[in-house]
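Participant: Enclosed is the structure file my_file28.cif (mmCIF, C-alpha atoms).
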data_query
loop_
_atom_site.label_atom_id
_atom_site.label_comp_id
_atom_site.auth_asym_id
_atom_site.auth_seq_id
_atom_site.Cartn_x
_atom_site.Cartn_y
_atom_site.Cartn_z
CA MET X 1 35.21 66.07 -35.43
CA ILE X 2 32.41 66.35 -32.88
CA ALA X 3 29.46 63.97 -32.82
CA PHE X 4 26.33 65.49 -31.27
CA LEU X 5 23.76 62.92 -30.15
CA GLY X 6 20.71 64.90 -29.21
CA GLN X 7 17.34 66.21 -30.14
CA GLY X 8 14.51 68.36 -28.90
CA ARG X 9 14.37 71.96 -27.82
CA MET X 10 17.88 72.14 -26.35
CA GLY X 11 19.72 69.83 -28.73
CA VAL X 12 19.04 71.75 -31.93
CA PRO X 13 20.32 75.20 -30.82
CA MET X 14 23.33 73.64 -29.06
CA ALA X 15 24.38 71.74 -32.19
CA ARG X 16 23.92 74.92 -34.19
CA ARG X 17 26.23 76.81 -31.80
CA LEU X 18 28.99 74.29 -32.48
CA THR X 19 28.62 74.66 -36.24
CA GLN X 20 28.59 78.45 -36.01
CA ALA X 21 31.81 78.29 -33.98
CA GLY X 22 33.51 76.53 -36.88
CA HIS X 23 33.49 72.96 -35.59
CA LYS X 24 32.84 70.03 -37.89
CA VAL X 25 29.77 68.39 -36.39
CA ALA X 26 28.05 65.09 -37.15
CA THR X 27 24.54 65.09 -35.66
CA TRP X 28 22.28 62.22 -34.72
CA ARG X 29 18.62 62.10 -33.78
CA ARG X 30 16.00 59.38 -33.69
CA GLY X 31 14.45 58.55 -37.03
CA SER X 32 17.21 60.19 -39.06
CA GLY X 33 18.28 56.93 -40.72
CA VAL X 34 21.81 57.28 -39.30
CA THR X 35 22.81 54.90 -36.52
CA ALA X 36 24.48 56.19 -33.37
CA ALA X 37 27.55 54.10 -34.18
CA GLU X 38 27.81 55.70 -37.63
CA ALA X 39 27.40 59.18 -36.17
CA VAL X 40 30.28 58.79 -33.69
CA ASP X 41 32.65 57.01 -36.08
CA GLY X 42 35.93 58.91 -36.09
CA ALA X 43 34.75 61.59 -33.63
CA GLU X 44 37.20 62.87 -31.03
CA LEU X 45 34.40 64.31 -28.92
CA VAL X 46 30.91 62.83 -28.49
CA ILE X 47 28.26 65.02 -26.87
CA THR X 48 24.97 63.61 -25.62
CA MET X 49 21.91 65.77 -24.92
CA LEU X 50 18.96 63.45 -24.40
CA SER X 51 15.78 63.21 -22.36
CA ASP X 52 16.61 60.89 -19.45
CA PRO X 53 19.04 58.24 -18.11
CA ALA X 54 17.41 55.40 -20.04
CA ALA X 55 17.74 57.27 -23.34
CA VAL X 56 21.40 58.07 -22.68
CA ARG X 57 22.22 54.45 -21.85
CA GLU X 58 20.34 53.20 -24.91
CA VAL X 59 22.01 55.60 -27.35
CA LEU X 60 25.54 55.22 -25.98
CA THR X 61 25.18 51.43 -25.96
CA ALA X 62 24.23 51.62 -29.63
CA ALA X 63 27.19 53.94 -30.27
CA LEU X 64 29.82 51.68 -28.67
CA PRO X 65 30.93 49.97 -31.91
CA GLY X 66 31.77 53.36 -33.44
CA LEU X 67 33.62 54.94 -30.50
CA ARG X 68 37.31 55.35 -31.21
CA PRO X 69 39.95 54.75 -28.52
CA GLY X 70 40.95 58.07 -26.98
CA ALA X 71 37.60 59.73 -27.68
CA THR X 72 35.82 61.63 -24.91
CA VAL X 73 32.10 61.44 -24.21
CA VAL X 74 30.60 64.61 -22.75
CA GLU X 75 27.25 63.82 -21.18
CA MET X 76 25.19 67.04 -20.99
CA SER X 77 21.73 65.66 -20.18
CA THR X 78 20.21 65.79 -16.70
CA ILE X 79 20.57 62.20 -15.50
CA GLY X 80 21.99 62.32 -11.95
CA PRO X 81 25.32 61.06 -10.54
CA GLU X 82 24.26 57.39 -10.25
CA ALA X 83 23.58 57.24 -13.98
CA VAL X 84 26.96 58.86 -14.67
CA ARG X 85 28.67 56.08 -12.71
CA GLU X 86 26.74 53.52 -14.75
CA LEU X 87 27.96 55.17 -17.97
CA ARG X 88 31.56 55.02 -16.76
CA ALA X 89 31.14 51.27 -16.29
CA LEU X 90 29.50 50.95 -19.71
CA LEU X 91 32.16 52.79 -21.71
CA PRO X 92 35.54 51.25 -22.56
CA ALA X 93 38.41 52.32 -20.30
CA GLU X 94 40.16 54.02 -23.24
CA VAL X 95 37.16 56.34 -23.76
CA GLY X 96 37.03 59.39 -21.51
CA LEU X 97 33.87 60.65 -19.81
CA VAL X 98 32.88 64.11 -18.58
CA ASP X 99 29.49 65.00 -17.11
CA ALA X 100 28.48 68.54 -18.00
CA PRO X 101 24.75 69.29 -17.59
CA VAL X 102 23.65 72.86 -18.13
CA LEU X 103 21.60 75.51 -16.37
CA GLY X 104 19.42 77.51 -18.73
CA SER X 105 16.70 76.97 -21.30
CA VAL X 106 16.17 77.34 -25.03
CA GLY X 107 17.00 81.06 -25.26
CA PRO X 108 20.38 80.79 -23.51
CA ALA X 109 21.13 77.65 -25.53
CA ALA X 110 20.71 79.65 -28.73
CA ASP X 111 22.62 82.67 -27.38
CA GLY X 112 25.51 80.70 -25.89
CA THR X 113 24.80 81.93 -22.36
CA LEU X 114 24.18 78.61 -20.59
CA THR X 115 26.03 77.69 -17.40
CA VAL X 116 27.89 74.41 -17.88
CA LEU X 117 28.39 72.41 -14.67
CA ALA X 118 31.36 70.19 -15.46
CA GLY X 119 32.49 67.15 -13.51
CA GLY X 120 35.70 65.27 -14.31
CA ASP X 121 38.71 66.19 -16.43
CA VAL X 122 37.63 68.92 -18.88
CA SER X 123 41.13 69.76 -20.14
CA GLY X 124 40.38 68.23 -23.54
CA CYS X 125 36.95 69.76 -24.03
CA ARG X 126 36.85 73.07 -22.16
CA GLU X 127 37.18 75.12 -25.36
CA VAL X 128 34.26 73.30 -26.96
CA LEU X 129 32.10 73.58 -23.86
CA SER X 130 32.72 77.33 -23.70
CA VAL X 131 30.79 77.63 -26.98
CA PHE X 132 27.64 76.95 -24.95
CA GLY X 133 28.36 79.51 -22.22
CA SER X 134 30.37 79.80 -19.01
CA VAL X 135 32.05 76.61 -17.83
CA ARG X 136 32.15 75.93 -14.12
CA GLU X 137 34.30 73.02 -12.96
CA VAL X 138 32.60 71.61 -9.87
CA GLY X 139 34.63 68.51 -9.00
CA PRO X 140 35.34 64.91 -10.04
CA LEU X 141 33.26 62.81 -12.41
CA GLY X 142 29.61 62.88 -11.32
CA ALA X 143 29.89 66.22 -9.52
CA GLY X 144 28.32 68.11 -12.42
CA ALA X 145 25.31 65.80 -12.47
CA ALA X 146 24.93 66.06 -8.68
CA MET X 147 25.23 69.87 -8.78
CA LYS X 148 22.51 70.12 -11.45
CA ILE X 149 20.09 67.95 -9.46
CA ALA X 150 20.85 69.89 -6.27
CA VAL X 151 20.04 73.19 -8.00
CA MET X 152 16.82 71.85 -9.51
CA ASN X 153 15.79 70.53 -6.08
CA ALA X 154 15.60 74.19 -5.04
CA ILE X 155 14.34 75.94 -8.19
CA VAL X 156 11.53 73.57 -9.17
CA PRO X 157 9.86 73.20 -5.73
CA ALA X 158 10.06 76.98 -5.37
CA GLN X 159 7.93 77.40 -8.49
CA VAL X 160 5.41 74.86 -7.21
CA LEU X 161 5.32 76.79 -3.92
CA LEU X 162 4.62 80.02 -5.78
CA ALA X 163 1.87 78.34 -7.81
CA GLU X 164 0.20 77.39 -4.53
CA THR X 165 0.77 80.94 -3.26
CA PHE X 166 -1.07 82.40 -6.24
CA ALA X 167 -3.85 79.83 -5.80
CA TYR X 168 -4.25 80.80 -2.14
CA GLY X 169 -4.39 84.47 -3.05
CA GLU X 170 -6.99 83.86 -5.75
CA ALA X 171 -9.16 81.84 -3.34
CA HIS X 172 -9.10 84.75 -0.87
CA GLY X 173 -9.75 87.59 -3.29
CA VAL X 174 -6.17 88.79 -3.67
CA ASP X 175 -5.39 90.36 -7.04
CA ARG X 176 -2.86 88.19 -8.88
CA GLY X 177 -0.93 91.12 -10.31
CA ALA X 178 -0.76 92.87 -6.95
CA LEU X 179 0.52 89.69 -5.30
CA ALA X 180 3.19 89.32 -8.00
CA ASP X 181 4.20 92.95 -7.43
CA VAL X 182 4.62 92.40 -3.69
CA LEU X 183 6.59 89.20 -4.27
CA SER X 184 8.87 91.04 -6.71
CA GLY X 185 10.43 92.80 -3.72
CA THR X 186 11.33 89.50 -2.04
CA PRO X 187 14.08 86.93 -2.76
CA LEU X 188 11.44 85.00 -4.77
CA GLY X 189 10.76 87.94 -7.05
CA THR X 190 12.35 86.59 -10.24
CA LEU X 191 10.48 83.28 -10.03
CA ALA X 192 7.23 85.02 -9.09
CA GLU X 193 7.50 87.12 -12.23
CA ARG X 194 7.74 83.96 -14.33
CA LEU X 195 4.51 82.65 -12.86
CA ARG X 196 2.63 85.96 -13.09
CA VAL X 197 1.54 84.90 -16.58
CA PRO X 198 2.49 81.28 -17.39
CA SER X 199 4.59 81.08 -20.54
CA ALA X 200 2.92 80.07 -23.80
CA GLU X 201 6.34 79.00 -25.09
CA THR X 202 7.88 75.88 -23.60
CA ARG X 203 11.34 76.83 -22.35
CA TYR X 204 11.68 74.16 -19.65
CA SER X 205 8.92 71.62 -19.90
CA LEU X 206 6.86 70.51 -16.94
CA GLY X 207 7.61 66.92 -17.94
CA HIS X 208 11.36 67.49 -17.73
CA ALA X 209 10.99 69.29 -14.41
CA THR X 210 9.06 66.28 -13.09
CA LYS X 211 11.80 63.94 -14.30
CA ASP X 212 14.46 66.09 -12.60
CA LEU X 213 12.66 65.86 -9.26
CA GLU X 214 12.10 62.13 -9.73
CA LEU X 215 15.89 61.89 -9.92
CA GLY X 216 16.52 64.21 -7.02
CA ALA X 217 13.74 63.84 -4.45
CA TRP X 218 15.43 61.33 -2.17
CA GLU X 219 13.64 59.62 0.71
CA GLY X 220 13.08 62.16 3.43
CA ALA X 221 13.18 65.16 1.09
CA SER X 222 9.77 66.44 2.16
CA MET X 223 9.58 69.61 0.06
CA ALA X 224 11.03 68.11 -3.11
CA GLY X 225 8.84 65.04 -2.64
CA ALA X 226 5.68 67.12 -2.29
CA ALA X 227 6.57 69.19 -5.36
CA ARG X 228 7.26 66.00 -7.30
CA ALA X 229 3.78 64.69 -6.46
CA ARG X 230 2.20 67.96 -7.63
CA LEU X 231 4.12 67.83 -10.90
CA GLN X 232 3.34 64.16 -11.49
CA GLU X 233 -0.33 65.02 -11.10
CA ALA X 234 -0.01 67.88 -13.61
CA ARG X 235 1.91 65.67 -16.05
CA ALA X 236 -0.79 63.00 -15.79
CA ALA X 237 -3.36 65.72 -16.56
CA GLY X 238 -1.64 66.32 -19.91
CA LEU X 239 0.60 69.30 -19.10
CA GLY X 240 3.93 67.52 -19.60
CA GLU X 241 4.80 69.35 -22.83
CA ARG X 242 3.81 72.76 -21.43
CA ASP X 243 6.29 75.11 -19.80
CA LEU X 244 6.87 74.47 -16.09
CA THR X 245 5.07 77.73 -15.29
CA ALA X 246 1.82 75.97 -16.35
CA ILE X 247 1.86 74.51 -12.84
CA ALA X 248 0.31 77.83 -11.75
CA GLU X 249 -2.73 77.16 -13.95
CA HIS X 250 -2.95 73.58 -12.75
CA VAL X 251 -2.89 74.43 -9.05
CA GLY X 252 -4.99 77.55 -9.45
CA GLY X 253 -7.59 75.62 -11.42
CA GLY X 254 -8.36 73.45 -8.43
CA THR X 255 -7.25 70.25 -10.12
CA THR X 256 -6.00 68.69 -6.90
CA HIS X 257 -9.38 67.20 -6.07
CA ARG X 258 -10.60 66.07 -9.49
CA ALA X 259 -10.04 62.75 -11.17
CA VAL X 260 -6.58 62.65 -12.74
CA PRO X 261 -5.80 59.72 -15.10
CA LEU X 262 -2.36 58.13 -14.69
CA ASN X 263 -0.62 56.21 -17.46
CA LEU X 264 3.05 55.55 -16.73
CA SER X 265 5.69 55.21 -19.43
CA THR X 266 7.41 52.50 -17.37
CA ILE X 267 4.62 49.94 -17.80
CA PRO X 268 2.96 48.50 -20.93
CA ALA X 269 0.54 50.97 -22.51
CA THR X 270 -3.22 50.46 -22.41
CA ASN X 271 -5.33 49.92 -25.52
CA GLY X 272 -6.52 53.52 -25.27
CA ARG X 273 -9.95 52.68 -23.86
CA TYR X 274 -9.01 52.97 -20.19
CA SER X 275 -6.30 54.42 -17.93
CA HIS X 276 -4.10 52.28 -15.71
CA ALA X 277 -5.15 54.31 -12.68
CA VAL X 278 -7.09 57.41 -11.68
CA ARG X 279 -6.20 59.56 -8.69
CA VAL X 280 -8.90 61.49 -6.85
CA GLY X 281 -7.45 63.52 -3.99
CA ASP X 282 -5.59 61.09 -1.76
CA MET X 283 -7.24 57.97 -3.22
CA LEU X 284 -5.92 55.94 -6.15
CA TYR X 285 -8.14 53.62 -8.17
CA VAL X 286 -6.11 51.08 -10.16
CA SER X 287 -7.70 49.40 -13.17
CA GLY X 288 -7.65 45.64 -13.57
CA GLN X 289 -4.05 44.70 -14.35
CA ALA X 290 -3.33 41.70 -16.57
CA ALA X 291 -0.09 40.08 -17.73
CA PHE X 292 0.79 41.91 -20.96
CA ASP X 293 4.22 42.90 -22.26
CA GLU X 294 5.16 46.03 -24.23
CA GLN X 295 3.92 44.47 -27.49
CA GLY X 296 0.56 43.45 -26.03
CA ASN X 297 1.49 39.77 -25.81
CA ILE X 298 0.51 37.66 -22.81
CA VAL X 299 3.34 37.05 -20.34
CA GLY X 300 3.66 33.59 -18.78
CA GLU X 301 0.88 31.96 -20.77
CA GLY X 302 -0.37 28.90 -18.90
CA SER X 303 1.38 29.82 -15.63
CA MET X 304 -0.59 31.41 -12.80
CA ALA X 305 2.63 32.14 -10.89
CA ALA X 306 4.34 33.88 -13.85
CA GLN X 307 1.29 36.02 -14.66
CA SER X 308 0.85 36.92 -10.99
CA GLU X 309 4.51 37.98 -10.69
CA HIS X 310 4.23 40.21 -13.77
CA ILE X 311 1.04 41.86 -12.49
CA PHE X 312 2.49 42.61 -9.06
CA GLN X 313 5.61 44.10 -10.68
CA VAL X 314 3.38 46.46 -12.70
CA ILE X 315 1.37 47.32 -9.59
CA SER X 316 4.58 48.13 -7.70
CA ARG X 317 5.54 50.72 -10.35
CA ILE X 318 2.10 52.32 -10.27
CA LEU X 319 2.25 52.58 -6.48
CA ALA X 320 5.81 53.93 -6.45
CA ASP X 321 4.89 56.61 -9.01
CA GLN X 322 2.37 57.98 -6.51
CA GLY X 323 4.60 57.63 -3.47
CA ALA X 324 2.66 54.64 -2.17
CA ALA X 325 3.55 51.07 -1.22
CA PHE X 326 1.74 47.76 -0.90
CA GLU X 327 0.82 48.48 2.72
CA ASP X 328 -1.23 51.46 1.45
CA ILE X 329 -3.63 49.17 -0.46
CA ALA X 330 -7.13 49.50 1.04
CA PHE X 331 -8.90 46.99 -1.21
CA ILE X 332 -7.76 44.35 -3.69
CA ARG X 333 -9.99 42.37 -6.01
CA THR X 334 -8.81 39.37 -8.02
CA TYR X 335 -10.55 37.58 -10.88
CA VAL X 336 -9.21 34.09 -11.64
CA THR X 337 -10.28 31.58 -14.28
CA ASP X 338 -9.40 28.53 -12.17
CA MET X 339 -9.71 28.41 -8.37
CA ASP X 340 -7.60 25.25 -8.38
CA GLN X 341 -4.56 27.47 -9.18
CA LEU X 342 -5.31 29.96 -6.41
CA LEU X 343 -2.44 28.72 -4.25
CA ASP X 344 0.08 29.73 -6.95
CA TYR X 345 -1.41 33.22 -6.98
CA GLY X 346 -1.44 33.35 -3.19
CA ARG X 347 2.27 32.54 -2.92
CA VAL X 348 3.18 35.44 -5.21
CA ARG X 349 0.77 37.84 -3.53
CA ALA X 350 2.27 36.98 -0.12
CA LYS X 351 5.70 38.17 -1.35
CA TYR X 352 4.33 41.65 -1.94
CA ILE X 353 1.47 42.07 0.55
CA THR X 354 2.82 41.30 3.99
CA GLY X 355 1.52 42.01 7.47
CA THR X 356 -2.17 42.71 7.99
CA PRO X 357 -3.90 42.16 4.62
CA PRO X 358 -6.22 44.73 3.01
CA ALA X 359 -9.91 44.20 2.33
CA SER X 360 -10.08 41.59 -0.40
CA THR X 361 -12.39 39.82 -2.84
CA THR X 362 -11.49 36.88 -5.07
CA VAL X 363 -13.88 35.77 -7.81
CA GLU X 364 -13.73 32.84 -10.23
CA VAL X 365 -14.87 33.73 -13.74
CA SER X 366 -15.36 31.56 -16.81
CA ARG X 367 -13.05 33.71 -18.93
CA LEU X 368 -11.27 37.07 -19.11
CA PHE X 369 -11.13 39.48 -22.04
CA ARG X 370 -8.22 37.69 -23.79
CA PRO X 371 -7.84 33.91 -24.15
CA GLY X 372 -4.79 32.81 -22.16
CA LEU X 373 -5.21 35.29 -19.32
CA LEU X 374 -5.54 33.50 -16.00
CA LEU X 375 -6.16 36.45 -13.67
CA GLU X 376 -6.79 40.18 -13.38
CA VAL X 377 -6.24 42.36 -10.31
CA ASP X 378 -7.65 45.79 -9.44
CA LEU X 379 -7.04 47.96 -6.37
CA ILE X 380 -8.09 50.93 -4.28
CA VAL X 381 -5.14 52.64 -2.58
CA ALA X 382 -4.89 55.34 0.09
CA ILE X 383 -2.06 57.67 -0.91
CA PRO X 384 0.15 58.69 2.04
CA GLY X 385 -0.12 62.34 3.07
#
Show me, as structure tokens, the structure contained in the file I just sent.
Facilitator:
Amino acid sequence: MIAFLGQGRMGVPMARRLTQAGHKVATWRRGSGVTAAEAVDGAELVITMLSDPAAVREVLTAALPGLRPGATVVEMSTIGPEAVRELRALLPAEVGLVDAPVLGSVGPAADGTLTVLAGGDVSGCREVLSVFGSVREVGPLGAGAAMKIAVMNAIVPAQVLLAETFAYGEAHGVDRGALADVLSGTPLGTLAERLRVPSAETRYSLGHATKDLELGAWEGASMAGAARARLQEARAAGLGERDLTAIAEHVGGGTTHRAVPLNLSTIPATNGRYSHAVRVGDMLYVSGQAAFDEQGNIVGEGSMAAQSEHIFQVISRILADQGAAFEDIAFIRTYVTDMDQLLDYGRVRAKYITGTPPASTTVEVSRLFRPGLLLEVDLIVAIPG
């Protein structure tokens, strides 16, 4: 039996391919009422096709009680080689692991024409993997994940480059169709054709493309890093569920210089009446950050040091998302309810803001918007070029 732990645009057609090939398949998806452990119980092969590394770790951790000794987990999501190594450490030694991300989108998933990039020992699962398309063994465990990220580090920035190319042409009176025709005779022709008219159907979402570059744009990767920033901006503008080719509309629409709200999934959500930050060109305006957890409860109630630490951790994630650091802060403003506790705040702040300090204002107020909050911090940041 095969257990397929997946969902979304790719998961459904891939699970259907297995069933059509005559395999007995137990499927799992969020909200189905079936636990991951129940879904994998008795399965010889467990396939995961999920959104990101955190989702894969969460689901496989939940599945651990149901994994049988001798089973093999085939991880087919795009999560990167580091996450694959973490999974190997998570899984019992008697459970095998293969990383096998795919190249291709929804159509090839339904047709069985994906390219499977397999890392590790595929001797026990090659026949099953061939149901999805051609299987290419690329090396030891983790090599498949690394190969997928390497490929996306070329394909995704190339589409961002072409979006900027079309925007340049439009700004200078060049006919879009004529430009696409000329590009069709170059090595970029196939990708240019995709962006000629951005797809109304989501085949490879802009949000997933952004995630792939967030995994792959290492420090010093100038082109991938620049493309990642463009895509993060488009995702923040609400295009995450659109096809990646929507980046052509985003760039061509001149959105680079308008206010773009930013609300990260890695920090507690707002109450819906403000955004955590807004980017305008190369400036970032960060809303007042307070010490709230994921459930909206106050963190470190009664402790200035604990609330300060939580706030600076949240700020660090906001800055990192935009490729900035604490030294890029131009202005910081702090509201405190008790100046007598300012030293506790100062000690925490000094851990994060070192060297020459930014422009700064500190104000004592009688109260903040929730009883129990001791401080709130807002910022203006200059984003590095």
Participant: At a cut-off of 7 Å, using only C-alpha atoms, what residues contact segment 162-172 of chain X? Leave out same-chain residues fewer than 5 positions from it and give the result as a PyMOL selection string.
Facilitator: chain X and resi 192+247-248+251-252
Participant: Could you write out the selected residues, including C-alpha atoms, as a JSON list (two decimals), in the coordinates of the input?
Facilitator:
[["chain", "number", "residue", "atom", "x", "y", "z"],
["X", 192, "ALA", "CA", 7.23, 85.02, -9.09],
["X", 247, "ILE", "CA", 1.86, 74.51, -12.84],
["X", 248, "ALA", "CA", 0.31, 77.83, -11.75],
["X", 251, "VAL", "CA", -2.89, 74.43, -9.05],
["X", 252, "GLY", "CA", -4.99, 77.55, -9.45]]
Participant: Please work out which residues fall within 12 Å of (13.4, 70.6, -26.9), coordinates as given in the file, with only C-alpha atoms counting, and return them as a list in words.
Facilitator: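 Residues with an atom close enough to that point: Gly6, Gln7, Gly8, Arg9, Met10, Gly11, Val12, Pro13, Met14, Met49, Leu50, Ser51, Ser77, Ser105, Val106, Gly107, Ala109, Ala110, Glu201, Thr202, Arg203, Tyr204, Ser205, Leu206, Gly207, His208, Glu241, Arg242 and Asp243 of chain X.
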Participant: Would you kindly return, as a list in words, each protein, DNA or RNA residue with an atom no farther than 8 Å from any atom of Val98 of chain X, considering all atoms listed in the file and excluding same-chain residues fewer than 4 positions away?
Facilitator: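 My reading of the contact set: Thr72, Val73, Val74, Glu75, Ala118, Gly119, Gly120, Asp121, Val122 and Leu141 of chain X.
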Participant: Going by the chain IDs and residue numbers used in this file, which residues fall under the PyMOL selection byres ((chain X and resi 84-88) around 12)? Write them as a ChimeraX atom specification.
Facilitator: /X:48,52-61,64,72-83,89-101,119-120,140-146
Participant: Going by the chain IDs and residue numbers used in this file, which residues fall under the PyMOL selection byres ((chain X and resi 269-278) around 12)? Write them as a PyMOL selection string.
Facilitator: chain X and resi 233+236-237+257-268+279-297+314-315+317-319+321-322+377-381+383
Participant: Quote the spacing between atom CA of Gly216 of chain X and atom CA of Ala150 of chain X in Å to one decimal place.
Facilitator: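 Answer for the atom CA of Gly216 of chain X to atom CA of Ala150 of chain X separation: 7.2 Å.
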Participant: At what distance in Å, to one decimal, does atom CA of Gln232 of chain X lie from atom CA of His310 of chain X?
Facilitator: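 These two atoms are separated by 24.1 Å.
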Participant: Check the smallest atom-to-atom distance from each of X:Pro358, X:Gly33, X:Gly112, X:Gly238 to Gln20 of chain X using all atoms listed in the file, then report the winner.
Facilitator: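 Smallest distance to Gln20 of chain X is found for X:Gly112.
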